[in-house]
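Chemist: So I've got this file, model.cif, and it contains mmCIF, C-alpha atoms:
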data_model
loop_
_atom_site.group_PDB
_atom_site.id
_atom_site.type_symbol
_atom_site.label_atom_id
_atom_site.label_comp_id
_atom_site.auth_asym_id
_atom_site.auth_seq_id
_atom_site.Cartn_x
_atom_site.Cartn_y
_atom_site.Cartn_z
ATOM 1 C CA PRO V 1 19.656 -5.108 8.422
ATOM 2 C CA ASP V 2 17.539 -2.388 10.069
ATOM 3 C CA VAL V 3 14.311 -3.276 8.258
ATOM 4 C CA LEU V 4 11.908 -4.882 10.717
ATOM 5 C CA ALA V 5 8.735 -5.422 8.687
ATOM 6 C CA ILE V 6 7.387 -5.263 5.156
ATOM 7 C CA LYS V 7 3.671 -5.174 4.378
ATOM 8 C CA GLN V 8 2.421 -5.176 0.827
ATOM 9 C CA THR V 9 -0.610 -5.730 -1.346
ATOM 10 C CA ILE V 10 -0.130 -8.155 -4.222
ATOM 11 C CA TYR V 11 -2.410 -7.636 -7.192
ATOM 12 C CA ARG V 12 -0.670 -8.490 -10.479
ATOM 13 C CA THR V 13 2.994 -9.336 -10.036
ATOM 14 C CA GLY V 14 3.330 -11.963 -12.761
ATOM 15 C CA SER V 15 4.805 -15.440 -12.597
ATOM 16 C CA GLU V 16 8.394 -14.149 -12.587
ATOM 17 C CA SER V 17 8.883 -11.283 -10.194
ATOM 18 C CA PRO V 18 12.114 -9.929 -8.722
ATOM 19 C CA LEU V 19 9.997 -8.184 -6.100
ATOM 20 C CA MET V 20 8.407 -11.411 -4.922
ATOM 21 C CA ASP V 21 11.822 -13.071 -4.828
ATOM 22 C CA LEU V 22 13.000 -10.224 -2.580
ATOM 23 C CA LEU V 23 10.018 -10.674 -0.263
ATOM 24 C CA LEU V 24 10.880 -14.370 0.062
ATOM 25 C CA GLU V 25 14.482 -13.439 0.825
ATOM 26 C CA ALA V 26 13.339 -10.896 3.426
ATOM 27 C CA VAL V 27 11.439 -13.632 5.295
ATOM 28 C CA ARG V 28 14.504 -15.872 5.156
ATOM 29 C CA ARG V 29 16.511 -13.030 6.708
ATOM 30 C CA GLY V 30 14.110 -12.788 9.635
ATOM 31 C CA LYS V 31 11.980 -9.877 8.518
ATOM 32 C CA GLU V 32 8.279 -9.844 9.291
ATOM 33 C CA VAL V 33 6.555 -10.008 5.904
ATOM 34 C CA MET V 34 2.811 -9.732 5.449
ATOM 35 C CA CYS V 35 1.129 -9.731 2.037
ATOM 36 C CA ILE V 36 -2.462 -9.243 1.073
ATOM 37 C CA VAL V 37 -2.892 -11.304 -2.068
ATOM 38 C CA GLU V 38 -5.832 -10.607 -4.363
ATOM 39 C CA LEU V 39 -7.071 -13.835 -5.906
ATOM 40 C CA LYS V 40 -9.306 -12.080 -8.437
ATOM 41 C CA ALA V 41 -6.423 -10.363 -10.239
ATOM 42 C CA ARG V 42 -7.326 -10.651 -13.900
ATOM 43 C CA PHE V 43 -4.889 -12.908 -15.789
ATOM 44 C CA ASP V 44 -2.726 -13.448 -12.685
ATOM 45 C CA GLU V 45 -4.887 -15.595 -10.425
ATOM 46 C CA GLU V 46 -2.668 -18.670 -10.799
ATOM 47 C CA ALA V 47 0.561 -16.699 -10.327
ATOM 48 C CA ASN V 48 -0.834 -15.014 -7.214
ATOM 49 C CA ILE V 49 -1.852 -18.346 -5.689
ATOM 50 C CA ASN V 50 1.626 -19.736 -6.395
ATOM 51 C CA TRP V 51 3.327 -16.693 -4.836
ATOM 52 C CA ALA V 52 1.029 -16.866 -1.802
ATOM 53 C CA GLU V 53 1.890 -20.539 -1.267
ATOM 54 C CA ARG V 54 5.619 -19.828 -1.585
ATOM 55 C CA LEU V 55 5.376 -16.920 0.860
ATOM 56 C CA GLU V 56 3.461 -19.019 3.385
ATOM 57 C CA ALA V 57 5.968 -21.859 3.024
ATOM 58 C CA VAL V 58 8.836 -19.626 4.209
ATOM 59 C CA GLY V 59 6.823 -18.072 7.050
ATOM 60 C CA ALA V 60 5.260 -14.911 5.660
ATOM 61 C CA GLN V 61 1.778 -13.963 6.792
ATOM 62 C CA VAL V 62 -0.589 -14.110 3.818
ATOM 63 C CA VAL V 63 -4.112 -12.717 3.737
ATOM 64 C CA TYR V 64 -6.323 -13.544 0.774
ATOM 65 C CA GLY V 65 -8.107 -10.246 0.209
ATOM 66 C CA VAL V 66 -11.265 -8.969 1.834
ATOM 67 C CA VAL V 67 -14.507 -10.928 1.541
ATOM 68 C CA GLY V 68 -16.870 -9.211 -0.871
ATOM 69 C CA LEU V 69 -14.304 -6.680 -2.078
ATOM 70 C CA LYS V 70 -11.465 -6.625 -4.567
ATOM 71 C CA THR V 71 -8.195 -5.392 -3.071
ATOM 72 C CA HIS V 72 -6.958 -3.392 -6.038
ATOM 73 C CA ALA V 73 -4.695 -1.096 -4.034
ATOM 74 C CA LYS V 74 -0.965 -1.046 -4.700
ATOM 75 C CA LEU V 75 0.529 -0.436 -1.270
ATOM 76 C CA LEU V 76 3.884 -1.026 0.378
ATOM 77 C CA LEU V 77 4.856 -0.248 3.968
ATOM 78 C CA VAL V 78 8.373 -0.766 5.287
ATOM 79 C CA THR V 79 9.112 -0.298 8.986
ATOM 80 C CA ARG V 80 12.751 0.369 9.757
ATOM 81 C CA ARG V 81 14.793 0.876 12.928
ATOM 82 C CA GLU V 82 16.680 4.160 12.816
ATOM 83 C CA GLY V 83 18.194 6.607 15.260
ATOM 84 C CA THR V 84 20.807 5.701 17.816
ATOM 85 C CA PRO V 85 20.906 3.130 20.624
ATOM 86 C CA LYS V 86 20.234 5.942 23.108
ATOM 87 C CA ARG V 87 17.454 7.421 20.969
ATOM 88 C CA PRO V 88 15.908 4.590 18.971
ATOM 89 C CA LEU V 89 13.390 5.524 16.319
ATOM 90 C CA LEU V 90 11.059 3.514 14.136
ATOM 91 C CA ARG V 91 10.407 5.074 10.753
ATOM 92 C CA ARG V 92 7.804 3.957 8.243
ATOM 93 C CA TYR V 93 8.372 4.257 4.512
ATOM 94 C CA VAL V 94 5.321 4.161 2.264
ATOM 95 C CA HIS V 95 4.845 3.555 -1.443
ATOM 96 C CA LEU V 96 1.378 4.110 -2.925
ATOM 97 C CA SER V 97 1.053 3.389 -6.623
ATOM 98 C CA THR V 98 -1.252 2.959 -9.555
ATOM 99 C CA GLY V 99 1.135 0.260 -10.826
ATOM 100 C CA ASN V 100 0.930 -3.461 -10.141
ATOM 101 C CA TYR V 101 4.559 -4.151 -9.104
ATOM 102 C CA ASN V 102 4.742 -6.228 -12.267
ATOM 103 C CA PRO V 103 7.997 -6.007 -14.262
ATOM 104 C CA LYS V 104 6.276 -6.634 -17.614
ATOM 105 C CA THR V 105 3.351 -4.235 -17.290
ATOM 106 C CA ALA V 106 5.619 -1.595 -15.740
ATOM 107 C CA ARG V 107 7.218 -1.224 -19.176
ATOM 108 C CA LEU V 108 3.833 -0.818 -20.885
ATOM 109 C CA TYR V 109 1.903 1.559 -18.641
ATOM 110 C CA GLU V 110 2.575 4.991 -17.249
ATOM 111 C CA ASP V 111 1.845 4.697 -13.566
ATOM 112 C CA MET V 112 2.075 7.148 -10.726
ATOM 113 C CA GLY V 113 3.611 6.479 -7.356
ATOM 114 C CA LEU V 114 4.119 8.316 -4.107
ATOM 115 C CA PHE V 115 7.063 7.430 -1.896
ATOM 116 C CA THR V 116 7.068 9.117 1.498
ATOM 117 C CA ALA V 117 8.210 8.817 5.088
ATOM 118 C CA ALA V 118 5.588 11.311 6.317
ATOM 119 C CA PRO V 119 4.539 10.037 9.765
ATOM 120 C CA ASP V 120 0.794 10.621 9.243
ATOM 121 C CA VAL V 121 0.794 8.711 5.956
ATOM 122 C CA GLY V 122 2.743 5.855 7.549
ATOM 123 C CA ALA V 123 0.256 5.773 10.436
ATOM 124 C CA ASP V 124 -2.625 5.714 7.945
ATOM 125 C CA LEU V 125 -1.118 2.829 6.033
ATOM 126 C CA THR V 126 -0.482 0.928 9.263
ATOM 127 C CA ASP V 127 -4.148 1.413 10.158
ATOM 128 C CA LEU V 128 -5.249 0.383 6.659
ATOM 129 C CA PHE V 129 -3.191 -2.823 6.740
ATOM 130 C CA ASN V 130 -4.707 -3.586 10.155
ATOM 131 C CA THR V 131 -8.159 -3.152 8.607
ATOM 132 C CA LEU V 132 -7.333 -5.256 5.535
ATOM 133 C CA THR V 133 -6.022 -8.086 7.717
ATOM 134 C CA GLY V 134 -9.073 -8.031 9.982
ATOM 135 C CA TYR V 135 -7.388 -6.586 13.083
ATOM 136 C CA SER V 136 -9.353 -3.334 12.868
ATOM 137 C CA ARG V 137 -12.557 -1.951 11.396
ATOM 138 C CA LYS V 138 -11.302 1.559 10.809
ATOM 139 C CA THR V 139 -12.915 3.387 7.872
ATOM 140 C CA GLU V 140 -11.530 6.926 8.221
ATOM 141 C CA TYR V 141 -7.903 7.964 7.957
ATOM 142 C CA ARG V 142 -5.853 11.122 8.447
ATOM 143 C CA ASN V 143 -4.754 11.523 4.823
ATOM 144 C CA LEU V 144 -5.807 8.498 2.784
ATOM 145 C CA LEU V 145 -9.130 8.180 1.020
ATOM 146 C CA VAL V 146 -10.035 4.498 0.971
ATOM 147 C CA ALA V 147 -12.873 2.812 -0.892
ATOM 148 C CA PRO V 148 -15.525 1.770 -0.343
ATOM 149 C CA ASN V 149 -16.231 3.838 2.779
ATOM 150 C CA GLY V 150 -14.506 7.171 2.503
ATOM 151 C CA ILE V 151 -13.351 7.962 -0.994
ATOM 152 C CA ARG V 152 -16.481 9.573 -2.473
ATOM 153 C CA SER V 153 -17.306 11.705 0.549
ATOM 154 C CA GLY V 154 -13.618 12.576 0.964
ATOM 155 C CA ILE V 155 -13.321 13.837 -2.610
ATOM 156 C CA VAL V 156 -16.564 15.831 -2.351
ATOM 157 C CA ASP V 157 -15.414 17.342 0.973
ATOM 158 C CA ARG V 158 -12.089 18.407 -0.556
ATOM 159 C CA ILE V 159 -13.830 19.979 -3.556
ATOM 160 C CA ASN V 160 -16.137 21.925 -1.231
ATOM 161 C CA ILE V 161 -13.169 23.126 0.835
ATOM 162 C CA GLU V 162 -11.496 24.474 -2.319
ATOM 163 C CA ILE V 163 -14.727 26.198 -3.387
ATOM 164 C CA GLU V 164 -15.000 27.866 0.026
ATOM 165 C CA ARG V 165 -11.326 28.896 -0.030
ATOM 166 C CA ARG V 166 -11.816 30.484 -3.442
ATOM 167 C CA ARG V 167 -14.968 32.301 -2.309
ATOM 168 C CA ALA V 168 -12.983 33.615 0.651
ATOM 169 C CA GLY V 169 -10.468 35.141 -1.772
ATOM 170 C CA ASP V 170 -7.671 32.596 -1.636
ATOM 171 C CA GLU V 171 -6.096 32.833 -5.116
ATOM 172 C CA ARG V 172 -4.319 29.491 -4.593
ATOM 173 C CA ALA V 173 -7.617 27.584 -4.446
ATOM 174 C CA ARG V 174 -8.155 25.513 -7.559
ATOM 175 C CA VAL V 175 -11.662 25.944 -8.922
ATOM 176 C CA GLN V 176 -12.367 25.895 -12.640
#
In structure tokens, how does this file's structure come out?
Modeler:
Amino acid sequence: PDVLAIKQTIYRTGSESPLMDLLLEAVRRGKEVMCIVELKARFDEEANINWAERLEAVGAQVVYGVVGLKTHAKLLLVTRREGTPKRPLLRRYVHLSTGNYNPKTARLYEDMGLFTAAPDVGADLTDLFNTLTGYSRKTEYRNLLVAPNGIRSGIVDRINIEIERRRAGDERARVQ
């Protein structure tokens, strides 16, 4: 009952998806649901269009990717009301994954995921969703490296930082 909003990217969920059913139910329960649906998801274009239409029909906000780019990210952001009536608090929960939120492929592949409530990561994902939906043009984030604008330079910068730390004598720096 304390969940206020759910924002998610939809890449390859399949034609039968418990997750998509739960997003539909969340809208029916009055939650703000926004999905970025990639229409160029190999083998799942038709399923994604069907899910997008079903989401729109119940009142979810649906964005059909970014013109000229493929939204291949697997992102989930849940905003929840926590705290007490005297000290209300909004907390953001983030899931970043290499997986497609697809029940069939989840059994085939070994994916990695990060689940966190770290405030900076939640703020980054909020900013990223605002960019993906066209409400912002942000290209740099606190923690996230996002293609096509910041990932290459961000990785190179982090490698150079580790090299400098190692040169300065920091034994924890990872340079091979």
Chemist: Of the candidates V:Lys7, V:Arg137, V:Arg142, V:Arg172, which one gets nearest to Arg80 (chain V) if we count only C-alpha atoms?
Modeler: V:Lys7
Chemist: Might you spell out which residues the PyMOL selection byres ((chain V and resi 8-10) around 8) would select in the displayed file, as number ranges by chain?
Modeler: V: 6-7, 11-13, 34-38, 48, 71, 73-77, 100-101
Chemist: When you draw a straight line from CA of Gly113 (chain V) to CA of Val66 (chain V), how long is it in Å?
Modeler: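 Atom-to-atom, CA of Gly113 (chain V) and CA of Val66 (chain V) are spaced 23.3 Å apart.
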Chemist: Restricting the calculation to all atoms listed in the file: of V:Arg29, V:Lys138, V:Arg81, V:Arg174, which residue gets closest to Asp2 (chain V)?
Modeler: V:Arg81
Chemist: Since I can't run it myself right now, could you work out what the PyMOL selection byres ((chain V and resi 78) around 10) selects here and report it as number ranges by chain?
Modeler: V: 3-8, 32-33, 76-77, 79-80, 91-95, 117, 122, 126
Chemist: Keeping only C-alpha atoms, write the selected residues to a file as a tab-separated table (two decimals), in the coordinates of the input.
Modeler:
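New file part.tsv:
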chain	number	residue	atom	x	y	z
V	3	VAL	CA	14.31	-3.28	8.26
V	4	LEU	CA	11.91	-4.88	10.72
V	5	ALA	CA	8.74	-5.42	8.69
V	6	ILE	CA	7.39	-5.26	5.16
V	7	LYS	CA	3.67	-5.17	4.38
V	8	GLN	CA	2.42	-5.18	0.83
V	32	GLU	CA	8.28	-9.84	9.29
V	33	VAL	CA	6.56	-10.01	5.90
V	76	LEU	CA	3.88	-1.03	0.38
V	77	LEU	CA	4.86	-0.25	3.97
V	79	THR	CA	9.11	-0.30	8.99
V	80	ARG	CA	12.75	0.37	9.76
V	91	ARG	CA	10.41	5.07	10.75
V	92	ARG	CA	7.80	3.96	8.24
V	93	TYR	CA	8.37	4.26	4.51
V	94	VAL	CA	5.32	4.16	2.26
V	95	HIS	CA	4.84	3.56	-1.44
V	117	ALA	CA	8.21	8.82	5.09
V	122	GLY	CA	2.74	5.86	7.55
V	126	THR	CA	-0.48	0.93	9.26
Chemist: For Gly134 (chain V), which residue among V:Tyr64, V:Val146, V:Thr105, V:Lys86 is the nearest when counting only C-alpha atoms?
Modeler: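 Nearest to Gly134 (chain V): V:Tyr64.
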Chemist: Please compute the CA of Arg166 (chain V)-CA of Arg152 (chain V) distance, one decimal, in Å.
Modeler: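 Separation of CA of Arg166 (chain V) and CA of Arg152 (chain V): 21.4 Å.
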Chemist: Considering all atoms listed in the file, state which residue in the set V:Gly65, V:Pro88, V:Gly169, V:Gly14 is at the smallest distance from Phe129 (chain V).
Modeler: V:Gly65
Chemist: What gap, in Å, lies between CA of Gly30 (chain V) and CA of Gly59 (chain V)?
Modeler: 9.4 Å
Chemist: Starting from the PyMOL selection byres ((chain V and resi 52) around 9), expand the selection into actual residues of this file and give them as a PyMOL selection string.
Modeler: chain V and resi 35-37+47-51+53-57+60+62-64
Chemist: Identify which of the residues V:Asn143, V:Val67, V:Gly150, V:Lys40 lies closest to Ala118 (chain V), counting only C-alpha atoms when measuring atom-to-atom distances.
Modeler: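 The answer is V:Asn143, which sits nearest to Ala118 (chain V).
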Chemist: Listed atoms of region 80-86 of chain V, axis-aligned box, 5 Å per side: centre and edge lengths to one decimal in Å, as JSON?
Modeler:
{"center_x": 16.8, "center_y": 3.5, "center_z": 16.4, "size_x": 18.2, "size_y": 16.2, "size_z": 23.4}
Chemist: For Leu69 (chain V), work out the shell of residues within 12 Å, counting only C-alpha atoms and skipping chain neighbours fewer than 6 positions away, then give it as a list of chain:residue names.
Modeler: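 Within the cut-off, the hits are V:Glu38, V:Leu39, V:Lys40, V:Ala41, V:Leu132, V:Ala147, V:Pro148, V:Asn149.
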Chemist: Using the structure just given, write a file holding N, CA and C atoms for region 150-176 of chain V, as a CSV table (one decimal), in the first residue's frame.
Modeler:
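New file result-v2.csv:
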chain,number,residue,atom,x,y,z
V,150,GLY,N,28.0,8.9,-21.9
V,150,GLY,CA,29.0,9.0,-20.8
V,150,GLY,C,29.7,7.7,-20.5
V,151,ILE,N,29.3,6.6,-21.1
V,151,ILE,CA,29.9,5.3,-20.7
V,151,ILE,C,31.4,5.2,-21.0
V,152,ARG,N,31.8,5.5,-22.2
V,152,ARG,CA,33.2,5.3,-22.6
V,152,ARG,C,34.1,6.2,-21.8
V,153,SER,N,33.8,7.5,-21.8
V,153,SER,CA,34.6,8.4,-21.0
V,153,SER,C,34.6,8.1,-19.5
V,154,GLY,N,33.4,7.6,-19.0
V,154,GLY,CA,33.4,7.2,-17.6
V,154,GLY,C,34.2,6.1,-17.3
V,155,ILE,N,34.3,5.1,-18.2
V,155,ILE,CA,35.1,3.9,-17.9
V,155,ILE,C,36.6,4.3,-18.0
V,156,VAL,N,37.0,5.0,-19.0
V,156,VAL,CA,38.3,5.5,-19.1
V,156,VAL,C,38.8,6.3,-17.9
V,157,ASP,N,37.9,7.2,-17.5
V,157,ASP,CA,38.2,8.0,-16.3
V,157,ASP,C,38.4,7.1,-15.1
V,158,ARG,N,37.6,6.1,-14.9
V,158,ARG,CA,37.8,5.3,-13.7
V,158,ARG,C,39.0,4.4,-13.8
V,159,ILE,N,39.4,4.0,-15.0
V,159,ILE,CA,40.7,3.3,-15.2
V,159,ILE,C,41.8,4.2,-14.8
V,160,ASN,N,41.8,5.4,-15.3
V,160,ASN,CA,42.9,6.4,-15.0
V,160,ASN,C,43.0,6.7,-13.5
V,161,ILE,N,41.9,6.8,-12.8
V,161,ILE,CA,41.9,7.0,-11.4
V,161,ILE,C,42.6,5.9,-10.7
V,162,GLU,N,42.3,4.6,-11.1
V,162,GLU,CA,42.9,3.5,-10.4
V,162,GLU,C,44.4,3.4,-10.7
V,163,ILE,N,44.8,3.8,-11.9
V,163,ILE,CA,46.2,3.8,-12.3
V,163,ILE,C,46.9,4.9,-11.4
V,164,GLU,N,46.3,6.0,-11.2
V,164,GLU,CA,46.9,7.1,-10.4
V,164,GLU,C,47.0,6.7,-8.9
V,165,ARG,N,45.9,6.0,-8.4
V,165,ARG,CA,45.9,5.5,-7.0
V,165,ARG,C,47.0,4.5,-6.8
V,166,ARG,N,47.2,3.6,-7.8
V,166,ARG,CA,48.3,2.6,-7.7
V,166,ARG,C,49.7,3.3,-7.7
V,167,ARG,N,49.9,4.2,-8.6
V,167,ARG,CA,51.1,5.0,-8.6
V,167,ARG,C,51.4,5.7,-7.3
V,168,ALA,N,50.3,6.1,-6.7
V,168,ALA,CA,50.5,6.8,-5.4
V,168,ALA,C,50.7,5.9,-4.2
V,169,GLY,N,50.7,4.6,-4.5
V,169,GLY,CA,51.1,3.6,-3.5
V,169,GLY,C,49.9,2.9,-2.8
V,170,ASP,N,48.7,3.2,-3.3
V,170,ASP,CA,47.5,2.5,-2.8
V,170,ASP,C,47.4,1.1,-3.2
V,171,GLU,N,47.7,0.2,-2.3
V,171,GLU,CA,47.7,-1.3,-2.6
V,171,GLU,C,46.3,-1.8,-3.0
V,172,ARG,N,45.3,-1.1,-2.6
V,172,ARG,CA,43.9,-1.6,-3.0
V,172,ARG,C,43.6,-1.3,-4.4
V,173,ALA,N,44.3,-0.4,-5.1
V,173,ALA,CA,44.0,-0.1,-6.5
V,173,ALA,C,44.2,-1.3,-7.3
V,174,ARG,N,43.3,-1.5,-8.3
V,174,ARG,CA,43.3,-2.7,-9.1
V,174,ARG,C,43.9,-2.4,-10.5
V,175,VAL,N,45.1,-2.6,-10.7
V,175,VAL,CA,45.8,-2.5,-12.0
V,175,VAL,C,46.6,-3.7,-12.3
V,176,GLN,N,46.3,-4.3,-13.4
V,176,GLN,CA,47.0,-5.5,-13.8
V,176,GLN,C,48.1,-5.2,-14.8
